[in-house]
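Chemist: Once you've had a glance at the structure underneath, I'll fire off some questions.
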Amino acid sequence: MDSDPMELKVSFFPPLYQQRRIWVLDILRRERITEVVDIGCGHGELLAALCQPAPWLGPRSHWRKGLSLQDADNGLTSLFDSVLLDDSETPDLHPVRIAGLDISTRALQSAAELTSPSANTLYTRWESLEVSLWHGSLDSINPTFVDVECIVATEVIEHLTDDLVARFAPVILGVYHPRIFLMTTPSYTFNARFSPPGTSDPSGYVDPTGRTDRVFRNSDHKFEWTPEEFAIWCTTVGKEWGYTAEVGSIGTALEEDPWGRDSQLGGASQTATFRRMDDSNSRRKRERRTRVMYDEMAKKQPHQLVITHHFSPHPHAGRPRDPEEIRAAVLCTFEEWGDAVLRVEDLWFSKDIAVMCGGSIDLLTEIVERETRLYLQRIPGQRKENWTVEIKGGVQRRRDDWSTARRSRCEVEEDPITKLSESSSQ
């Protein structure tokens, strides 16, 4: 917004754009989303965040195919399954396919750089990922987006012309019909927070359409909704296309409003979570109306694929070593560190134990529990990497001399990590 002597200081922490991204990522985690399409992806910041690999395999991964345990030992598998069902921690994201769509070729060039494998090499990747970027408009249908698990559109709809706004819900909720649709848009009501009450000429940008006397935050905004208007729109399109809609807001100013309007004005960005209803009536209604949309948009210019990135997992993902080797490496880690208690995360990132476990932290915790010399402390309310492992009877070697001491018992005739490297190159 333009600077004005009457404009009040309004700041956000984290910055408002980050709060929107956090809101999206939190829902993606809770819903265990693995497929995401970002409509209006811009420079690809959200997609870049989704490209960051999880520190270990997800609970649905097929790591057990390579686990070297006796077929008769069903106790470990049963215990593993119960841990997954009872684990109430917020899960990590494990996306397998993400895509972005934007009308700006320059923004897509930046997105291509941010999402390239060469820009995401800091951490070990345990799962494959495909990233595709598309150039085009919302009024064209992209068959690869149909039935995707989740679509996201943050601060997009307010930039669209009337004809595209009319297509917004029919294309996203009708043609593509994702299980979940997440969107945000500015709250016009919050704009009053930038000026004292009764200001006759607030700073900003006059409604370019001339339909209202409202002043917007951005020169490219074609409209800005009040919370009431947004709720009505969400409810209407939700019923029309067979979705429930949950609206909210994010972005409260750090500074306290001198006139006490904060609770009345709400957040700076409005949010909506649409969840698809899959009853037979909702499905039939979507299918019937979607056929009409396909006919109307058949001659539109199709989206153009800009680039596709393929992220390959570590060669030992899902291929754990023998449990005896993993147990030996864990015990040696205690001896080298000289501590009687370590966190699971300490073990995970020590001595290539993650590689030996094939990327499965659940395999590590189960092997620890089966070792009589170790005690795993599951801490309620804590993520599993913060659980602690205690070696019974303690250790003799201290942390301050482990780096200069000989490996002694931890040495084997052939280093298992060397064996891992040799086998992966064959």
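Following the order of the structure tokens, chains are lettered A, B, ..., residues in each are numbered from 1, and ligands are numbered from 1.
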Find the residues near A:Glu31: any atom within 9 Å, counting only C-alpha atoms, skip ones fewer than 4 places away on the same chain, and give them as JSON, numbers by chain.

Modeler: {"A": [26, 27, 91, 180]}

Chemist: Using only C-alpha atoms, determine which residues lie at most 9 Å from A:Val152, disregarding the query and same-chain residues fewer than 2 positions distant; provide the list as an NGL selection string.

Modeler: :A and (24 or 36-41 or 150 or 154 or 180-184)

Chemist: Smallest atom-to-atom distance to A:Thr161: which of A:Tyr205, A:Phe223, A:Phe194, A:Tyr188, using only C-alpha atoms?

Modeler: A:Phe223

Chemist: A:Pro227, A:Gly136, A:Gly42, A:Pro178: which is nearest A:Gln264, counting only C-alpha atoms?

Modeler: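 Ranked by minimum distance to A:Gln264, first place goes to A:Pro227.
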
Chemist: If we count only C-alpha atoms and set the cut-off at 12 Å, which residues sit around A:Phe334, ignoring sequence neighbours fewer than 2 positions away in its own chain? Please answer as number ranges by chain.

Modeler: A: 327-332, 336-344, 346-347, 350-351, 373-374, 389-399, 402, 409-410

Chemist: Report as a ChimeraX atom specification all protein, DNA and RNA residues lying within 10 Å of A:Thr308, evaluated on only C-alpha atoms, omitting residues in the same chain fewer than 4 positions from it.

Modeler: /A:99,112,115-116,130-134

Chemist: Please report the interatomic distance between atom CA of A:Phe311 and atom CA of A:Leu129 in Å with one decimal.

Modeler: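 Between these atoms lies a distance of 4.9 Å.
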
Chemist: Apply DSSP to the backbone of this structure and, from stretch 26-240 of chain A, keep only the residues in strand (DSSP E); write these as a compact mmCIF listing (two decimals) with all heavy atoms, in the first residue's frame.

Modeler:
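File produced: states.txt:
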# COMPACT_ATOMS: atom_id res chain seq x y z
N GLU A 35 -0.10 -35.80 -3.10
CA GLU A 35 -0.19 -35.17 -4.42
C GLU A 35 -0.72 -33.76 -4.25
O GLU A 35 -1.76 -33.55 -3.62
CB GLU A 35 -1.14 -35.94 -5.34
CG GLU A 35 -0.69 -37.35 -5.69
CD GLU A 35 -1.71 -38.03 -6.58
OE1 GLU A 35 -2.92 -37.84 -6.34
OE2 GLU A 35 -1.30 -38.73 -7.51
N VAL A 36 -0.02 -32.78 -4.83
CA VAL A 36 -0.41 -31.38 -4.68
C VAL A 36 -0.26 -30.67 -6.01
O VAL A 36 0.74 -30.83 -6.70
CB VAL A 36 0.47 -30.65 -3.63
CG1 VAL A 36 0.03 -29.19 -3.50
CG2 VAL A 36 0.39 -31.34 -2.28
N VAL A 37 -1.28 -29.88 -6.37
CA VAL A 37 -1.19 -28.96 -7.50
C VAL A 37 -1.35 -27.55 -6.96
O VAL A 37 -2.32 -27.25 -6.26
CB VAL A 37 -2.28 -29.24 -8.55
CG1 VAL A 37 -2.29 -28.13 -9.61
CG2 VAL A 37 -2.06 -30.59 -9.22
N ASP A 38 -0.38 -26.68 -7.26
CA ASP A 38 -0.41 -25.29 -6.80
C ASP A 38 -0.85 -24.41 -7.97
O ASP A 38 -0.09 -24.19 -8.91
CB ASP A 38 0.99 -24.89 -6.30
CG ASP A 38 0.99 -23.51 -5.65
OD1 ASP A 38 -0.09 -22.92 -5.49
OD2 ASP A 38 2.09 -23.03 -5.29
N ILE A 39 -2.09 -23.93 -7.90
CA ILE A 39 -2.63 -23.05 -8.94
C ILE A 39 -2.16 -21.63 -8.66
O ILE A 39 -2.38 -21.10 -7.58
CB ILE A 39 -4.17 -23.09 -8.95
CG1 ILE A 39 -4.69 -24.51 -9.19
CG2 ILE A 39 -4.72 -22.11 -9.98
CD1 ILE A 39 -4.46 -25.03 -10.57
N ARG A 97 4.09 -36.60 -5.92
CA ARG A 97 3.85 -35.88 -7.16
C ARG A 97 3.33 -34.49 -6.85
O ARG A 97 2.32 -34.35 -6.14
CB ARG A 97 2.84 -36.63 -8.04
CG ARG A 97 2.59 -35.98 -9.39
CD ARG A 97 1.77 -36.89 -10.29
NE ARG A 97 0.37 -36.95 -9.91
CZ ARG A 97 -0.59 -36.19 -10.44
NH1 ARG A 97 -0.28 -35.29 -11.36
NH2 ARG A 97 -1.84 -36.33 -10.06
N ILE A 98 4.02 -33.46 -7.34
CA ILE A 98 3.57 -32.09 -7.16
C ILE A 98 3.64 -31.36 -8.50
O ILE A 98 4.45 -31.72 -9.36
CB ILE A 98 4.38 -31.32 -6.09
CG1 ILE A 98 5.86 -31.23 -6.48
CG2 ILE A 98 4.22 -31.98 -4.73
CD1 ILE A 98 6.68 -30.42 -5.48
N ALA A 99 2.79 -30.37 -8.67
CA ALA A 99 2.75 -29.63 -9.93
C ALA A 99 2.40 -28.18 -9.65
O ALA A 99 1.75 -27.85 -8.64
CB ALA A 99 1.73 -30.24 -10.89
N GLY A 100 2.84 -27.30 -10.54
CA GLY A 100 2.52 -25.89 -10.43
C GLY A 100 2.02 -25.35 -11.75
O GLY A 100 2.47 -25.78 -12.82
N LEU A 101 1.07 -24.42 -11.68
CA LEU A 101 0.51 -23.77 -12.86
C LEU A 101 0.59 -22.26 -12.67
O LEU A 101 0.22 -21.74 -11.61
CB LEU A 101 -0.95 -24.18 -13.08
CG LEU A 101 -1.71 -23.43 -14.16
CD1 LEU A 101 -1.18 -23.79 -15.55
CD2 LEU A 101 -3.21 -23.71 -14.07
N ASP A 102 1.07 -21.55 -13.70
CA ASP A 102 1.09 -20.09 -13.63
C ASP A 102 1.04 -19.52 -15.03
O ASP A 102 1.42 -20.19 -16.01
CB ASP A 102 2.34 -19.59 -12.91
CG ASP A 102 2.12 -18.23 -12.26
OD1 ASP A 102 2.26 -17.20 -12.95
OD2 ASP A 102 1.79 -18.20 -11.05
N LEU A 129 10.21 -38.44 -6.15
CA LEU A 129 9.31 -37.29 -6.28
C LEU A 129 9.34 -36.80 -7.72
O LEU A 129 10.41 -36.72 -8.33
CB LEU A 129 9.75 -36.16 -5.34
CG LEU A 129 9.00 -34.82 -5.49
CD1 LEU A 129 7.53 -34.97 -5.09
CD2 LEU A 129 9.68 -33.74 -4.67
N GLU A 130 8.15 -36.50 -8.25
CA GLU A 130 8.04 -35.90 -9.58
C GLU A 130 7.46 -34.51 -9.46
O GLU A 130 6.44 -34.30 -8.79
CB GLU A 130 7.15 -36.75 -10.48
CG GLU A 130 6.98 -36.18 -11.88
CD GLU A 130 6.00 -36.97 -12.73
OE1 GLU A 130 6.40 -38.03 -13.23
OE2 GLU A 130 4.84 -36.51 -12.86
N VAL A 131 8.12 -33.54 -10.09
CA VAL A 131 7.68 -32.14 -10.09
C VAL A 131 7.45 -31.71 -11.53
O VAL A 131 8.35 -31.85 -12.37
CB VAL A 131 8.73 -31.21 -9.43
CG1 VAL A 131 8.20 -29.78 -9.39
CG2 VAL A 131 9.09 -31.69 -8.04
N SER A 132 6.27 -31.19 -11.82
CA SER A 132 5.99 -30.68 -13.16
C SER A 132 5.47 -29.26 -13.08
O SER A 132 4.67 -28.94 -12.19
CB SER A 132 4.97 -31.58 -13.89
OG SER A 132 3.77 -31.67 -13.16
N LEU A 133 5.94 -28.41 -13.98
CA LEU A 133 5.52 -27.01 -14.03
C LEU A 133 4.83 -26.76 -15.36
O LEU A 133 5.34 -27.14 -16.43
CB LEU A 133 6.73 -26.09 -13.88
CG LEU A 133 7.50 -26.23 -12.56
CD1 LEU A 133 8.72 -25.31 -12.57
CD2 LEU A 133 6.62 -25.92 -11.37
N TRP A 134 3.69 -26.08 -15.29
CA TRP A 134 2.85 -25.86 -16.46
C TRP A 134 2.59 -24.37 -16.67
O TRP A 134 2.37 -23.63 -15.69
CB TRP A 134 1.51 -26.57 -16.32
CG TRP A 134 1.61 -28.06 -16.20
CD1 TRP A 134 1.87 -28.79 -15.08
CD2 TRP A 134 1.46 -29.00 -17.26
NE1 TRP A 134 1.88 -30.13 -15.36
CE2 TRP A 134 1.63 -30.30 -16.70
CE3 TRP A 134 1.18 -28.90 -18.62
CZ2 TRP A 134 1.53 -31.46 -17.47
CZ3 TRP A 134 1.09 -30.05 -19.39
CH2 TRP A 134 1.26 -31.31 -18.81
N HIS A 135 2.58 -23.96 -17.93
CA HIS A 135 2.25 -22.59 -18.28
C HIS A 135 0.85 -22.57 -18.89
O HIS A 135 0.54 -23.35 -19.80
CB HIS A 135 3.25 -22.03 -19.28
CG HIS A 135 2.91 -20.63 -19.75
ND1 HIS A 135 2.31 -20.37 -20.96
CD2 HIS A 135 3.06 -19.43 -19.14
CE1 HIS A 135 2.12 -19.07 -21.09
NE2 HIS A 135 2.57 -18.48 -20.00
N CYS A 150 -4.89 -32.99 -3.72
CA CYS A 150 -5.08 -31.66 -3.14
C CYS A 150 -4.68 -30.59 -4.14
O CYS A 150 -3.67 -30.71 -4.82
CB CYS A 150 -4.25 -31.52 -1.86
SG CYS A 150 -4.40 -29.90 -1.05
N ILE A 151 -5.48 -29.53 -4.21
CA ILE A 151 -5.15 -28.34 -4.99
C ILE A 151 -5.06 -27.15 -4.03
O ILE A 151 -5.85 -27.04 -3.09
CB ILE A 151 -6.19 -28.08 -6.09
CG1 ILE A 151 -6.10 -29.17 -7.16
CG2 ILE A 151 -6.01 -26.70 -6.72
CD1 ILE A 151 -7.10 -29.00 -8.30
N VAL A 152 -4.09 -26.29 -4.27
CA VAL A 152 -3.86 -25.11 -3.44
C VAL A 152 -3.90 -23.87 -4.34
O VAL A 152 -3.36 -23.88 -5.45
CB VAL A 152 -2.49 -25.18 -2.73
CG1 VAL A 152 -2.23 -23.91 -1.93
CG2 VAL A 152 -2.42 -26.41 -1.83
N ALA A 153 -4.55 -22.81 -3.87
CA ALA A 153 -4.56 -21.52 -4.58
C ALA A 153 -4.54 -20.41 -3.53
O ALA A 153 -5.58 -20.04 -3.00
CB ALA A 153 -5.79 -21.40 -5.48
N THR A 154 -3.35 -19.91 -3.22
CA THR A 154 -3.22 -18.88 -2.18
C THR A 154 -3.07 -17.50 -2.83
O THR A 154 -2.20 -17.30 -3.68
CB THR A 154 -2.00 -19.15 -1.28
OG1 THR A 154 -0.81 -19.25 -2.08
CG2 THR A 154 -2.18 -20.44 -0.51
N ILE A 180 -9.20 -32.47 -1.41
CA ILE A 180 -9.13 -31.27 -0.58
C ILE A 180 -8.69 -30.10 -1.45
O ILE A 180 -7.78 -30.24 -2.28
CB ILE A 180 -8.16 -31.44 0.60
CG1 ILE A 180 -8.72 -32.45 1.59
CG2 ILE A 180 -7.87 -30.12 1.30
CD1 ILE A 180 -7.82 -32.72 2.77
N PHE A 181 -9.33 -28.96 -1.27
CA PHE A 181 -8.93 -27.72 -1.94
C PHE A 181 -8.69 -26.65 -0.88
O PHE A 181 -9.55 -26.40 -0.04
CB PHE A 181 -10.00 -27.27 -2.93
CG PHE A 181 -9.76 -25.90 -3.51
CD1 PHE A 181 -8.52 -25.56 -4.05
CD2 PHE A 181 -10.76 -24.94 -3.51
CE1 PHE A 181 -8.29 -24.30 -4.58
CE2 PHE A 181 -10.55 -23.68 -4.04
CZ PHE A 181 -9.32 -23.35 -4.57
N LEU A 182 -7.52 -26.03 -0.92
CA LEU A 182 -7.14 -25.00 0.04
C LEU A 182 -6.97 -23.67 -0.69
O LEU A 182 -6.26 -23.61 -1.70
CB LEU A 182 -5.83 -25.36 0.75
CG LEU A 182 -5.77 -26.72 1.44
CD1 LEU A 182 -4.37 -26.97 2.00
CD2 LEU A 182 -6.81 -26.80 2.55
N MET A 183 -7.59 -22.61 -0.18
CA MET A 183 -7.43 -21.30 -0.81
C MET A 183 -7.38 -20.21 0.24
O MET A 183 -7.89 -20.36 1.37
CB MET A 183 -8.57 -21.02 -1.79
CG MET A 183 -9.93 -20.81 -1.16
SD MET A 183 -11.20 -20.29 -2.36
CE MET A 183 -10.65 -18.62 -2.78
N THR A 184 -6.72 -19.11 -0.11
CA THR A 184 -6.71 -17.92 0.74
C THR A 184 -6.97 -16.71 -0.15
O THR A 184 -6.74 -16.74 -1.37
CB THR A 184 -5.36 -17.72 1.46
OG1 THR A 184 -4.36 -17.32 0.52
CG2 THR A 184 -4.92 -18.98 2.18
N THR A 185 -7.45 -15.64 0.47
CA THR A 185 -7.70 -14.38 -0.23
C THR A 185 -7.70 -13.26 0.81
O THR A 185 -8.03 -13.50 1.98
CB THR A 185 -9.04 -14.42 -0.99
OG1 THR A 185 -9.16 -13.28 -1.84
CG2 THR A 185 -10.23 -14.46 -0.05
N PRO A 186 -7.31 -12.05 0.43
CA PRO A 186 -7.27 -10.96 1.41
C PRO A 186 -8.65 -10.64 1.99
O PRO A 186 -9.68 -10.82 1.32
CB PRO A 186 -6.73 -9.77 0.61
CG PRO A 186 -6.04 -10.37 -0.56
CD PRO A 186 -6.80 -11.62 -0.88
N TYR A 205 -5.47 1.33 -3.17
CA TYR A 205 -5.75 1.37 -4.60
C TYR A 205 -7.26 1.25 -4.83
O TYR A 205 -7.89 0.30 -4.39
CB TYR A 205 -5.02 0.23 -5.31
CG TYR A 205 -3.52 0.25 -5.04
CD1 TYR A 205 -2.98 -0.45 -3.97
CD2 TYR A 205 -2.67 1.02 -5.83
CE1 TYR A 205 -1.62 -0.42 -3.71
CE2 TYR A 205 -1.31 1.07 -5.58
CZ TYR A 205 -0.79 0.35 -4.52
OH TYR A 205 0.55 0.40 -4.26
N VAL A 206 -7.80 2.22 -5.51
CA VAL A 206 -9.24 2.28 -5.75
C VAL A 206 -9.67 1.10 -6.62
O VAL A 206 -8.94 0.68 -7.53
CB VAL A 206 -9.62 3.61 -6.42
CG1 VAL A 206 -11.11 3.64 -6.75
CG2 VAL A 206 -9.25 4.79 -5.53
N VAL A 215 -11.21 0.60 -1.34
CA VAL A 215 -9.79 0.80 -1.59
C VAL A 215 -9.06 -0.49 -1.23
O VAL A 215 -9.19 -0.99 -0.11
CB VAL A 215 -9.24 2.00 -0.77
CG1 VAL A 215 -7.73 2.13 -0.98
CG2 VAL A 215 -9.95 3.28 -1.17
N PHE A 216 -8.33 -1.04 -2.20
CA PHE A 216 -7.70 -2.35 -2.03
C PHE A 216 -6.22 -2.21 -1.66
O PHE A 216 -5.63 -1.14 -1.72
CB PHE A 216 -7.83 -3.16 -3.33
CG PHE A 216 -9.26 -3.40 -3.75
CD1 PHE A 216 -9.58 -3.55 -5.10
CD2 PHE A 216 -10.28 -3.47 -2.81
CE1 PHE A 216 -10.89 -3.77 -5.49
CE2 PHE A 216 -11.59 -3.71 -3.19
CZ PHE A 216 -11.90 -3.85 -4.55

Chemist: Have a look at A:Arg289, A:Ser282, A:Thr244, A:Gln109 and name the one nearest to A:Val306; count only C-alpha atoms.

Modeler: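 For A:Val306, the nearest of the given residues is A:Gln109.
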
Chemist: List as an NGL selection string the protein and nucleic acid residues near A:Ile379, meaning an atom at most 12 Å away when only C-alpha atoms are counted, but skip any in the same chain fewer than 2 places from it.

Modeler: :A and (87-89 or 343-344 or 376-377 or 381-389)

Chemist: I'd like the contact shell of A:Tyr294 - 10 Å cut-off, only C-alpha atoms, skipping same-chain residues fewer than 2 positions apart - returned as a VMD selection string.

Modeler: chain A and resid 140 to 141 171 175 289 to 292 296 to 299

Chemist: Go ahead and write the selection's residues with C-alpha atoms as a CSV table (one decimal), in the first residue's frame.

Modeler:
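Everything below was put into out.csv:
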chain,number,residue,atom,x,y,z
A,140,SER,CA,-8.0,-24.4,-19.8
A,141,ILE,CA,-8.4,-28.0,-18.6
A,171,VAL,CA,-12.8,-26.0,-13.0
A,175,VAL,CA,-13.4,-30.8,-13.4
A,289,ARG,CA,-22.0,-30.6,-14.6
A,290,THR,CA,-18.4,-31.5,-15.4
A,291,ARG,CA,-19.4,-32.9,-18.8
A,292,VAL,CA,-20.9,-29.5,-19.7
A,296,GLU,CA,-17.5,-25.5,-23.2
A,297,MET,CA,-13.7,-25.4,-22.8
A,298,ALA,CA,-12.7,-28.0,-25.4
A,299,LYS,CA,-11.3,-25.4,-27.8
